[in-house]
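Visitor: Sharing model-v2.txt below, compact mmCIF, C-alpha atoms:
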```txt
# COMPACT_ATOMS: atom_id res chain seq x y z
CA MET A 1 4.42 21.23 6.01
CA ASN A 2 6.86 23.53 4.26
CA LYS A 3 9.14 22.42 1.45
CA ILE A 4 12.32 22.40 3.56
CA THR A 5 10.73 20.19 6.23
CA GLN A 6 9.19 17.90 3.61
CA ASP A 7 12.53 17.41 1.85
CA LYS A 8 14.39 16.79 5.12
CA ILE A 9 11.93 14.08 6.18
CA TYR A 10 11.82 12.56 2.70
CA ASN A 11 15.63 12.31 2.48
CA LYS A 12 15.78 10.45 5.78
CA ALA A 13 12.87 8.18 4.89
CA LYS A 14 14.51 7.27 1.57
CA GLU A 15 17.86 6.59 3.24
CA TRP A 16 16.26 4.35 5.87
CA ILE A 17 13.98 2.39 3.54
CA LEU A 18 16.87 1.59 1.19
CA GLU A 19 19.09 0.56 4.10
CA ALA A 20 16.36 -1.64 5.57
CA GLY A 21 15.82 -3.26 2.17
CA LYS A 22 19.54 -3.91 1.78
CA THR A 23 19.58 -5.65 5.16
CA ILE A 24 16.65 -7.86 4.16
CA ARG A 25 18.31 -8.83 0.86
CA THR A 26 21.53 -9.65 2.66
CA LYS A 27 19.74 -11.89 5.16
CA ILE A 28 17.04 -13.30 2.87
CA ASN A 29 18.36 -16.86 3.14
CA ASP A 30 19.22 -16.75 6.86
CA PRO A 31 17.09 -18.75 9.32
CA ILE A 32 14.16 -16.70 10.66
CA GLU A 33 11.48 -17.13 13.30
CA ILE A 34 8.02 -17.48 11.77
CA GLY A 35 4.77 -17.14 13.71
CA ALA A 36 1.09 -16.44 13.09
CA LYS A 37 -1.06 -13.61 14.39
CA SER A 38 -4.83 -13.64 13.79
CA ASN A 39 -4.85 -16.87 11.74
CA PRO A 40 -2.40 -19.35 10.13
CA ASN A 41 -2.26 -17.21 6.97
CA ASP A 42 -1.44 -13.99 8.88
CA LEU A 43 2.29 -14.51 9.26
CA VAL A 44 4.86 -12.50 11.15
CA THR A 45 8.60 -13.09 11.18
CA SER A 46 11.59 -11.89 13.16
CA MET A 47 12.51 -9.86 10.07
CA ASP A 48 9.18 -7.96 10.25
CA LYS A 49 9.81 -7.14 13.90
CA ASN A 50 13.47 -6.21 13.51
CA THR A 51 12.75 -3.97 10.53
CA GLU A 52 10.05 -2.07 12.40
CA LYS A 53 12.37 -1.69 15.41
CA TYR A 54 15.00 -0.27 13.04
CA PHE A 55 12.58 2.42 11.81
CA LEU A 56 11.43 3.16 15.36
CA GLU A 57 15.00 3.78 16.49
CA LYS A 58 15.80 5.99 13.50
CA ILE A 59 12.60 8.04 13.71
CA LYS A 60 12.67 8.61 17.46
CA SER A 61 16.35 9.58 17.50
CA THR A 62 16.03 11.96 14.54
CA PHE A 63 12.47 13.29 14.90
CA PRO A 64 11.53 12.78 18.57
CA ASN A 65 8.22 14.61 18.21
CA HIS A 66 7.00 12.40 15.39
CA LEU A 67 4.72 9.42 16.01
CA LEU A 68 5.01 5.93 14.52
CA LEU A 69 2.07 3.68 13.68
CA GLY A 70 3.48 0.31 12.67
CA GLU A 71 2.01 -3.10 11.93
CA GLU A 72 4.03 -4.94 14.55
CA GLY A 73 3.07 -2.58 17.38
CA PHE A 74 6.47 -1.24 18.41
CA GLY A 75 5.49 2.37 17.79
CA ASP A 76 2.99 4.68 19.43
CA GLU A 77 -0.67 4.29 20.29
CA VAL A 78 -2.00 6.66 17.65
CA LYS A 79 -5.59 7.76 18.25
CA THR A 80 -5.81 11.01 16.27
CA LEU A 81 -4.29 12.43 13.09
CA ASP A 82 -2.71 15.37 14.90
CA GLY A 83 0.95 16.04 14.20
CA ILE A 84 3.40 14.15 12.02
CA ILE A 85 2.76 10.41 11.87
CA TRP A 86 4.86 7.76 10.15
CA ILE A 87 2.73 4.78 9.07
CA ILE A 88 4.92 1.78 8.33
CA ASP A 89 4.59 -1.79 7.16
CA PRO A 90 8.06 -3.31 7.63
CA ILE A 91 7.27 -6.20 5.27
CA ASP A 92 4.07 -6.01 3.26
CA GLY A 93 3.53 -9.44 1.77
CA THR A 94 5.03 -11.55 4.56
CA MET A 95 3.71 -14.78 3.05
CA ASN A 96 5.52 -13.93 -0.19
CA PHE A 97 8.64 -13.12 1.82
CA VAL A 98 8.51 -16.50 3.56
CA GLN A 99 7.50 -18.71 0.64
CA GLN A 100 8.71 -16.93 -2.50
CA LYS A 101 11.48 -14.59 -1.28
CA ARG A 102 10.12 -11.94 -3.64
CA ASN A 103 7.01 -9.82 -4.29
CA PHE A 104 7.13 -8.10 -0.91
CA THR A 105 7.69 -4.46 -0.02
CA ILE A 106 8.53 -2.01 2.72
CA SER A 107 5.84 0.66 2.90
CA VAL A 108 6.46 4.04 4.57
CA ALA A 109 4.03 6.96 4.66
CA ILE A 110 4.32 10.30 6.43
CA TYR A 111 1.14 12.24 7.22
CA ASN A 112 0.92 15.73 8.69
CA ASN A 113 -2.38 16.48 10.46
CA GLY A 114 -4.08 13.87 8.29
CA ILE A 115 -2.60 15.04 4.99
CA GLY A 116 -0.40 12.60 3.09
CA GLU A 117 2.94 14.33 2.52
CA ILE A 118 5.33 11.51 1.58
CA GLY A 119 4.83 7.94 0.43
CA LEU A 120 7.50 5.33 -0.31
CA ILE A 121 7.03 1.73 -1.42
CA TYR A 122 10.17 -0.35 -1.88
CA ASN A 123 9.99 -3.55 -3.92
CA VAL A 124 12.91 -5.01 -2.03
CA MET A 125 14.16 -7.88 -4.17
CA GLU A 126 13.74 -5.95 -7.43
CA ASP A 127 15.42 -2.87 -5.91
CA GLU A 128 12.57 -0.68 -7.19
CA LEU A 129 11.62 2.36 -5.13
CA TYR A 130 8.30 4.05 -5.78
CA TYR A 131 7.88 7.39 -4.03
CA ALA A 132 5.87 10.57 -4.01
CA LYS A 133 5.91 13.94 -2.29
CA ARG A 134 2.63 15.82 -2.18
CA GLY A 135 2.25 18.07 -5.20
CA GLU A 136 5.37 16.82 -6.99
CA GLY A 137 4.11 13.69 -8.74
CA ALA A 138 5.09 10.05 -8.27
CA PHE A 139 8.35 8.38 -9.27
CA LYS A 140 9.88 4.97 -9.79
CA ASN A 141 13.65 4.89 -9.28
CA ASP A 142 13.86 8.65 -9.99
CA VAL A 143 11.85 8.39 -13.25
CA LYS A 144 8.64 10.39 -13.01
CA LEU A 145 5.49 8.35 -13.60
CA PRO A 146 3.13 9.89 -16.16
CA PRO A 147 -0.44 10.86 -15.26
CA LEU A 148 -2.88 8.01 -15.72
CA ASN A 149 -4.12 7.66 -19.30
CA GLN A 150 -7.43 9.50 -19.55
CA ALA A 151 -8.78 7.30 -22.36
CA THR A 152 -9.11 4.12 -20.32
CA VAL A 153 -12.07 1.73 -20.26
CA LEU A 154 -12.73 -1.34 -18.15
CA GLU A 155 -12.65 -3.70 -21.14
CA GLU A 156 -8.99 -2.71 -21.69
CA SER A 157 -8.02 -2.78 -18.02
CA VAL A 158 -6.28 -5.22 -15.70
CA ILE A 159 -7.65 -5.29 -12.16
CA GLY A 160 -5.84 -6.38 -9.01
CA LEU A 161 -8.29 -8.64 -7.22
CA ASN A 162 -7.87 -11.29 -4.56
CA HIS A 163 -9.54 -14.52 -5.64
CA LEU A 164 -11.65 -14.60 -2.47
CA TRP A 165 -13.87 -11.99 -4.15
CA LEU A 166 -14.90 -14.70 -6.59
CA CYS A 167 -15.83 -17.21 -3.88
CA GLU A 168 -18.88 -17.13 -1.61
CA ASN A 169 -18.31 -14.37 0.96
CA LYS A 170 -20.14 -12.02 3.35
CA LEU A 171 -19.43 -8.75 1.53
CA VAL A 172 -20.41 -9.14 -2.11
CA ASP A 173 -22.28 -11.36 -4.55
CA GLU A 174 -19.50 -13.45 -6.05
CA LYS A 175 -21.40 -13.93 -9.32
CA ILE A 176 -21.37 -10.18 -10.01
CA MET A 177 -17.66 -10.06 -9.21
CA GLN A 178 -17.14 -12.94 -11.63
CA ASP A 179 -18.90 -10.80 -14.24
CA LEU A 180 -16.44 -8.01 -13.47
CA VAL A 181 -13.51 -10.32 -14.14
CA LYS A 182 -15.09 -11.47 -17.38
CA THR A 183 -15.64 -7.85 -18.48
CA ALA A 184 -12.11 -6.61 -17.70
CA ARG A 185 -9.16 -7.48 -19.90
CA GLY A 186 -7.65 -9.46 -17.04
CA SER A 187 -7.19 -9.83 -13.29
CA ARG A 188 -4.11 -10.36 -11.15
CA THR A 189 -3.21 -10.87 -7.52
CA TYR A 190 0.28 -10.20 -6.18
CA GLY A 191 -0.06 -10.76 -2.43
CA SER A 192 1.21 -7.34 -1.37
CA ALA A 193 -1.26 -4.47 -1.09
CA ALA A 194 1.47 -1.83 -1.25
CA LEU A 195 2.92 -3.39 -4.39
CA GLU A 196 -0.50 -3.39 -6.04
CA PHE A 197 -0.97 0.29 -5.15
CA ALA A 198 2.42 0.98 -6.76
CA PHE A 199 1.31 -0.88 -9.88
CA VAL A 200 -1.85 1.26 -10.06
CA ALA A 201 0.29 4.39 -9.85
CA GLU A 202 2.58 3.01 -12.54
CA GLY A 203 -0.33 2.06 -14.81
CA VAL A 204 0.45 -1.66 -14.65
CA LEU A 205 -2.99 -2.11 -13.06
CA GLU A 206 -6.01 0.09 -13.71
CA GLY A 207 -7.60 -0.82 -10.40
CA TYR A 208 -7.06 -2.67 -7.14
CA LEU A 209 -9.82 -3.99 -4.88
CA THR A 210 -9.46 -5.60 -1.48
CA MET A 211 -11.85 -6.48 1.32
CA SER A 212 -9.91 -5.38 4.38
CA LEU A 213 -6.69 -3.42 4.79
CA SER A 214 -5.05 -1.79 7.79
CA PRO A 215 -3.57 1.73 7.66
CA TRP A 216 0.00 0.53 7.09
CA ASP A 217 -1.18 -1.43 4.02
CA PHE A 218 -2.63 1.55 2.15
CA ALA A 219 -1.21 4.78 3.65
CA ALA A 220 1.76 5.15 1.29
CA GLY A 221 -0.03 3.76 -1.75
CA MET A 222 -2.83 6.31 -1.48
CA ILE A 223 -0.30 9.13 -1.79
CA LEU A 224 1.30 7.62 -4.90
CA VAL A 225 -2.02 6.95 -6.61
CA ASN A 226 -3.28 10.45 -5.85
CA GLU A 227 -0.16 12.03 -7.38
CA VAL A 228 -0.81 10.45 -10.80
CA GLY A 229 -4.51 11.34 -10.85
CA GLY A 230 -5.97 8.15 -9.40
CA VAL A 231 -8.53 7.82 -6.64
CA THR A 232 -8.83 5.69 -3.52
CA THR A 233 -12.08 4.98 -1.65
CA ASN A 234 -13.72 2.11 0.14
CA ILE A 235 -15.86 -0.24 -1.95
CA ASP A 236 -18.90 1.96 -1.28
CA GLY A 237 -17.11 4.91 -2.86
CA LYS A 238 -16.70 6.66 0.50
CA PRO A 239 -13.46 8.23 1.83
CA ILE A 240 -10.90 6.03 3.52
CA LYS A 241 -10.61 6.34 7.30
CA LEU A 242 -6.87 6.54 7.81
CA LEU A 243 -6.62 5.03 11.29
CA GLU A 244 -9.07 2.16 10.74
CA LYS A 245 -9.39 -1.02 8.75
CA ASN A 246 -11.13 -0.38 5.44
CA SER A 247 -12.30 -2.14 2.34
CA VAL A 248 -10.17 -0.41 -0.31
CA PHE A 249 -10.63 0.38 -3.99
CA ALA A 250 -7.87 2.32 -5.77
CA GLY A 251 -7.71 3.00 -9.46
CA HIS A 252 -8.01 5.08 -12.58
CA PRO A 253 -10.94 7.50 -12.06
CA ASP A 254 -12.96 6.28 -15.07
CA VAL A 255 -12.44 2.59 -14.27
CA HIS A 256 -13.12 3.28 -10.59
CA GLU A 257 -16.44 4.96 -11.40
CA ARG A 258 -17.48 2.20 -13.82
CA ILE A 259 -16.76 -0.60 -11.36
CA LEU A 260 -18.48 1.24 -8.51
CA ASN A 261 -21.65 1.92 -10.49
CA ASP A 262 -21.96 -1.19 -12.64
CA PHE A 263 -20.64 -3.88 -10.30
CA LEU A 264 -20.00 -2.99 -6.66
CA ALA A 265 -23.29 -1.10 -6.24
CA LYS A 266 -25.10 -4.28 -7.30
CA ALA A 267 -22.82 -6.75 -5.59
CA ARG A 268 -22.77 -5.28 -2.07
CA LYS A 269 -24.73 -7.35 0.45
```
Would you write out, as structure tokens, the structure that this file holds?
Guide:
Amino acid sequence: MNKITQDKIYNKAKEWILEAGKTIRTKINDPIEIGAKSNPNDLVTSMDKNTEKYFLEKIKSTFPNHLLLGEEGFGDEVKTLDGIIWIIDPIDGTMNFVQQKRNFTISVAIYNNGIGEIGLIYNVMEDELYYAKRGEGAFKNDVKLPPLNQATVLEESVIGLNHLWLCENKLVDEKIMQDLVKTARGSRTYGSAALEFAFVAEGVLEGYLTMSLSPWDFAAGMILVNEVGGVTTNIDGKPIKLLEKNSVFAGHPDVHERILNDFLAKARK
């Protein structure tokens, strides 16, 4: 993708994500329809659906040859990485949106033949836009984020980690994960994968681990983290498969390597 095309797409994506966020803030206290998808904790609202429909209309009218892969299924049936694909989560952190009215994001990623070109994560209620264009670094509200601090160790790190890792589960030995939490400076969970990716890029978190994410949860965040020198793999240290569900581990390269070798390699069942 050449620079002119990249900038044109980015400018539209930024315009649309800010407009969608403004609509959500305006209607945050309006009555909404709330339903569940795979389980009672997997919520979907009329706002999720309407926001994705908004992006679909904008993308298809402006870039008719582009494809949309969205959480709520209003886009295209994307089976390959060919061409330009928008990967969108209209509200990442729907439970937070419903119960807290904060700590949720809109996540928009644009990939060209499998290469991440543009990533935007909008912390809607805080009006904080994280974004990156490939090769140009990552930004928060037009302030460039510095490269991740090279002198970082696990004992001085805060890790984003869902508390289910610390309970009995099918993936890992919870006792080893408890040792990880004891070794790190601290652990946090925010309830929005995209927000936690943004915090890794910003250096608020040194790592983020999760058991299962869909493409719209991690597609934008991977681009941001990469632009500040971070890495994203699955919990086996293998590359992420962009169009599939993955376990996901993003973080500072040194912390990422330490956790992989000293904890996850031993904890995996």
Visitor: Which residues are near Gly191 of chain A? Cut-off 8 Å, only C-alpha atoms, ignore same chain within fewer than 3 positions. Put them as a ChimeraX atom specification.
Guide: /A:93,95-96,103-104
Visitor: If you count all atoms listed in the file, which residues fall within 10 Å of Lys175 of chain A, apart from same-chain ones fewer than 4 positions away, as a list in words?
Guide: Trp165, Leu166, Cys167, Glu168, Asp179, Leu180, Val181 and Ala267 of chain A
Visitor: Pick out the closest residue to Gly237 of chain A from this set: A:Gly116, A:Gly135, A:Gly75, A:Gly251. Count only C-alpha atoms.
Guide: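 Ranking A:Gly116, A:Gly135, A:Gly75, A:Gly251 by distance to Gly237 of chain A, first place goes to A:Gly251.
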Visitor: Quick one: of A:Leu154, A:Asn162, A:His66, A:Asn123, who's nearest to Asn141 of chain A, counting only C-alpha atoms?
Guide: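 That would be A:Asn123, the residue with the smallest distance to Asn141 of chain A.
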Visitor: Which is closest to Phe197 of chain A among A:Lys269, A:Lys60, A:Lys3, A:His252, if we use all atoms listed in the file?
Guide: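 Using all atoms listed in the file, Phe197 of chain A sits closest to A:His252.
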Visitor: Residues within 12 Å of (12.4, -16.7, -2.9), file coordinates, counting all atoms listed in the file: what are they? Give the list as a short mmCIF file (atom, residue, chain, number, x, y, z; two decimals) with C-alpha atoms, in the coordinates of the input.
Guide:
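The file below, result.cif, is the result:
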```cif
data_model
loop_
_atom_site.label_atom_id
_atom_site.label_comp_id
_atom_site.auth_asym_id
_atom_site.auth_seq_id
_atom_site.Cartn_x
_atom_site.Cartn_y
_atom_site.Cartn_z
CA ARG A 25 18.31 -8.83 0.86
CA LYS A 27 19.74 -11.89 5.16
CA ILE A 28 17.04 -13.30 2.87
CA ASN A 29 18.36 -16.86 3.14
CA ASP A 30 19.22 -16.75 6.86
CA THR A 94 5.03 -11.55 4.56
CA MET A 95 3.71 -14.78 3.05
CA ASN A 96 5.52 -13.93 -0.19
CA PHE A 97 8.64 -13.12 1.82
CA VAL A 98 8.51 -16.50 3.56
CA GLN A 99 7.50 -18.71 0.64
CA GLN A 100 8.71 -16.93 -2.50
CA LYS A 101 11.48 -14.59 -1.28
CA ARG A 102 10.12 -11.94 -3.64
CA ASN A 103 7.01 -9.82 -4.29
CA PHE A 104 7.13 -8.10 -0.91
CA VAL A 124 12.91 -5.01 -2.03
CA MET A 125 14.16 -7.88 -4.17
CA GLU A 126 13.74 -5.95 -7.43
#
```
Visitor: Just to confirm, what's the straight-line distance from atom CA of Glu117 of chain A to atom CA of Leu260 of chain A in Å (one decimal)?
Guide: 27.4 Å
Visitor: For Leu161 of chain A, which residue among A:Asp173, A:Glu15, A:Glu196, A:Glu202 is the nearest when counting all atoms listed in the file?
Guide: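 Ranked by minimum distance to Leu161 of chain A, first place goes to A:Glu196.
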Visitor: Under the rule that all atoms listed in the file are counted, which of A:Ala109, A:Leu242, A:Ile59, A:Leu205 is the nearest residue to Asn149 of chain A?
Guide: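 Looking at the shortest contact to Asn149 of chain A, the residue is A:Leu205.
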Visitor: What lies within 12 Å of Thr183 of chain A using all atoms listed in the file, ignoring chain neighbours under 6 positions off, as a list in words?
Guide: Val153, Leu154, Glu155, Glu156, Ser157, Val158, Ile159, Ile176, Met177, Val255, Arg258, Ile259, Asp262 and Phe263 of chain A
Visitor: Store the residues of this selection in a file with C-alpha atoms, as a PDB file, in the frame of the given file.
Guide:
```pdb
ATOM      1  CA  VAL A 153     -12.070   1.730 -20.260  1.00  0.00           C
ATOM      2  CA  LEU A 154     -12.730  -1.340 -18.150  1.00  0.00           C
ATOM      3  CA  GLU A 155     -12.650  -3.700 -21.140  1.00  0.00           C
ATOM      4  CA  GLU A 156      -8.990  -2.710 -21.690  1.00  0.00           C
ATOM      5  CA  SER A 157      -8.020  -2.780 -18.020  1.00  0.00           C
ATOM      6  CA  VAL A 158      -6.280  -5.220 -15.700  1.00  0.00           C
ATOM      7  CA  ILE A 159      -7.650  -5.290 -12.160  1.00  0.00           C
ATOM      8  CA  ILE A 176     -21.370 -10.180 -10.010  1.00  0.00           C
ATOM      9  CA  MET A 177     -17.660 -10.060  -9.210  1.00  0.00           C
ATOM     10  CA  VAL A 255     -12.440   2.590 -14.270  1.00  0.00           C
ATOM     11  CA  ARG A 258     -17.480   2.200 -13.820  1.00  0.00           C
ATOM     12  CA  ILE A 259     -16.760  -0.600 -11.360  1.00  0.00           C
ATOM     13  CA  ASP A 262     -21.960  -1.190 -12.640  1.00  0.00           C
ATOM     14  CA  PHE A 263     -20.640  -3.880 -10.300  1.00  0.00           C
TER      15      PHE A 263
END
```
Visitor: So how far away is atom CA of Leu69 of chain A from atom CA of Phe199 of chain A, in Å?
Guide: 24.0 Å
Visitor: Would you work out the distance separating atom CA of Phe218 of chain A from atom CA of Glu257 of chain A, expressed in Å to one decimal?
Guide: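 That distance, rounded to one decimal, is 19.6 Å.
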Visitor: Of the residues A:Pro147, A:Val78, A:Leu120, A:Ile84, which is the one nearest to Pro64 of chain A, using only C-alpha atoms?
Guide: A:Ile84
Visitor: Would you mind listing what lies within 9 Å of Arg268 of chain A as an MDAnalysis selection string, with all atoms listed in the file counted and same-chain residues fewer than 2 positions away left out?
Guide: chainID A and resid 171:173 235:236 263:266
Visitor: Which residues are close to Pro253 of chain A, i.e. within 8 Å by only C-alpha atoms, leaving aside same-chain residues fewer than 3 positions away? Reply as a VMD selection string.
Guide: chain A and resid 229 to 231 256 to 257
Visitor: Show me that you can extract segment 219-237 of chain A, keeping N, CA and C atoms, and write it as a PDB file, in the first residue's frame.
Guide:
```
ATOM      1  N   ALA A 219      -6.779  -7.369  16.146  1.00  0.00           N
ATOM      2  CA  ALA A 219      -6.199  -6.943  14.867  1.00  0.00           C
ATOM      3  C   ALA A 219      -5.585  -5.547  14.929  1.00  0.00           C
ATOM      4  N   ALA A 220      -6.282  -4.594  15.531  1.00  0.00           N
ATOM      5  CA  ALA A 220      -5.747  -3.236  15.634  1.00  0.00           C
ATOM      6  C   ALA A 220      -4.627  -3.160  16.657  1.00  0.00           C
ATOM      7  N   GLY A 221      -4.827  -3.823  17.792  1.00  0.00           N
ATOM      8  CA  GLY A 221      -3.845  -3.772  18.868  1.00  0.00           C
ATOM      9  C   GLY A 221      -2.486  -4.310  18.454  1.00  0.00           C
ATOM     10  N   MET A 222      -2.472  -5.362  17.634  1.00  0.00           N
ATOM     11  CA  MET A 222      -1.207  -5.908  17.165  1.00  0.00           C
ATOM     12  C   MET A 222      -0.390  -4.867  16.414  1.00  0.00           C
ATOM     13  N   ILE A 223      -1.057  -4.052  15.622  1.00  0.00           N
ATOM     14  CA  ILE A 223      -0.361  -3.025  14.835  1.00  0.00           C
ATOM     15  C   ILE A 223       0.251  -1.987  15.766  1.00  0.00           C
ATOM     16  N   LEU A 224      -0.508  -1.541  16.761  1.00  0.00           N
ATOM     17  CA  LEU A 224       0.015  -0.553  17.709  1.00  0.00           C
ATOM     18  C   LEU A 224       1.226  -1.096  18.461  1.00  0.00           C
ATOM     19  N   VAL A 225       1.096  -2.303  18.991  1.00  0.00           N
ATOM     20  CA  VAL A 225       2.174  -2.888  19.788  1.00  0.00           C
ATOM     21  C   VAL A 225       3.433  -3.073  18.942  1.00  0.00           C
ATOM     22  N   ASN A 226       3.255  -3.514  17.712  1.00  0.00           N
ATOM     23  CA  ASN A 226       4.398  -3.697  16.818  1.00  0.00           C
ATOM     24  C   ASN A 226       5.137  -2.387  16.565  1.00  0.00           C
ATOM     25  N   GLU A 227       4.401  -1.291  16.456  1.00  0.00           N
ATOM     26  CA  GLU A 227       5.004  -0.002  16.115  1.00  0.00           C
ATOM     27  C   GLU A 227       5.842   0.596  17.241  1.00  0.00           C
ATOM     28  N   VAL A 228       5.689   0.104  18.470  1.00  0.00           N
ATOM     29  CA  VAL A 228       6.529   0.598  19.571  1.00  0.00           C
ATOM     30  C   VAL A 228       7.591  -0.435  19.977  1.00  0.00           C
ATOM     31  N   GLY A 229       7.708  -1.509  19.189  1.00  0.00           N
ATOM     32  CA  GLY A 229       8.741  -2.496  19.465  1.00  0.00           C
ATOM     33  C   GLY A 229       8.292  -3.674  20.285  1.00  0.00           C
ATOM     34  N   GLY A 230       6.980  -3.826  20.485  1.00  0.00           N
ATOM     35  CA  GLY A 230       6.463  -4.980  21.209  1.00  0.00           C
ATOM     36  C   GLY A 230       6.227  -6.160  20.290  1.00  0.00           C
ATOM     37  N   VAL A 231       5.848  -7.282  20.879  1.00  0.00           N
ATOM     38  CA  VAL A 231       5.585  -8.492  20.104  1.00  0.00           C
ATOM     39  C   VAL A 231       4.240  -9.087  20.508  1.00  0.00           C
ATOM     40  N   THR A 232       3.626  -9.786  19.554  1.00  0.00           N
ATOM     41  CA  THR A 232       2.368 -10.473  19.813  1.00  0.00           C
ATOM     42  C   THR A 232       2.446 -11.876  19.239  1.00  0.00           C
ATOM     43  N   THR A 233       2.178 -12.878  20.078  1.00  0.00           N
ATOM     44  CA  THR A 233       2.135 -14.273  19.654  1.00  0.00           C
ATOM     45  C   THR A 233       0.959 -14.950  20.341  1.00  0.00           C
ATOM     46  N   ASN A 234       0.811 -16.251  20.106  1.00  0.00           N
ATOM     47  CA  ASN A 234      -0.090 -17.004  20.971  1.00  0.00           C
ATOM     48  C   ASN A 234       0.687 -17.421  22.221  1.00  0.00           C
ATOM     49  N   ILE A 235       0.060 -18.143  23.128  1.00  0.00           N
ATOM     50  CA  ILE A 235       0.746 -18.434  24.393  1.00  0.00           C
ATOM     51  C   ILE A 235       1.793 -19.538  24.251  1.00  0.00           C
ATOM     52  N   ASP A 236       1.915 -20.102  23.040  1.00  0.00           N
ATOM     53  CA  ASP A 236       3.015 -21.023  22.744  1.00  0.00           C
ATOM     54  C   ASP A 236       4.181 -20.298  22.081  1.00  0.00           C
ATOM     55  N   GLY A 237       4.052 -18.991  21.884  1.00  0.00           N
ATOM     56  CA  GLY A 237       5.091 -18.230  21.220  1.00  0.00           C
ATOM     57  C   GLY A 237       5.032 -18.294  19.709  1.00  0.00           C
TER      58      GLY A 237
END
```
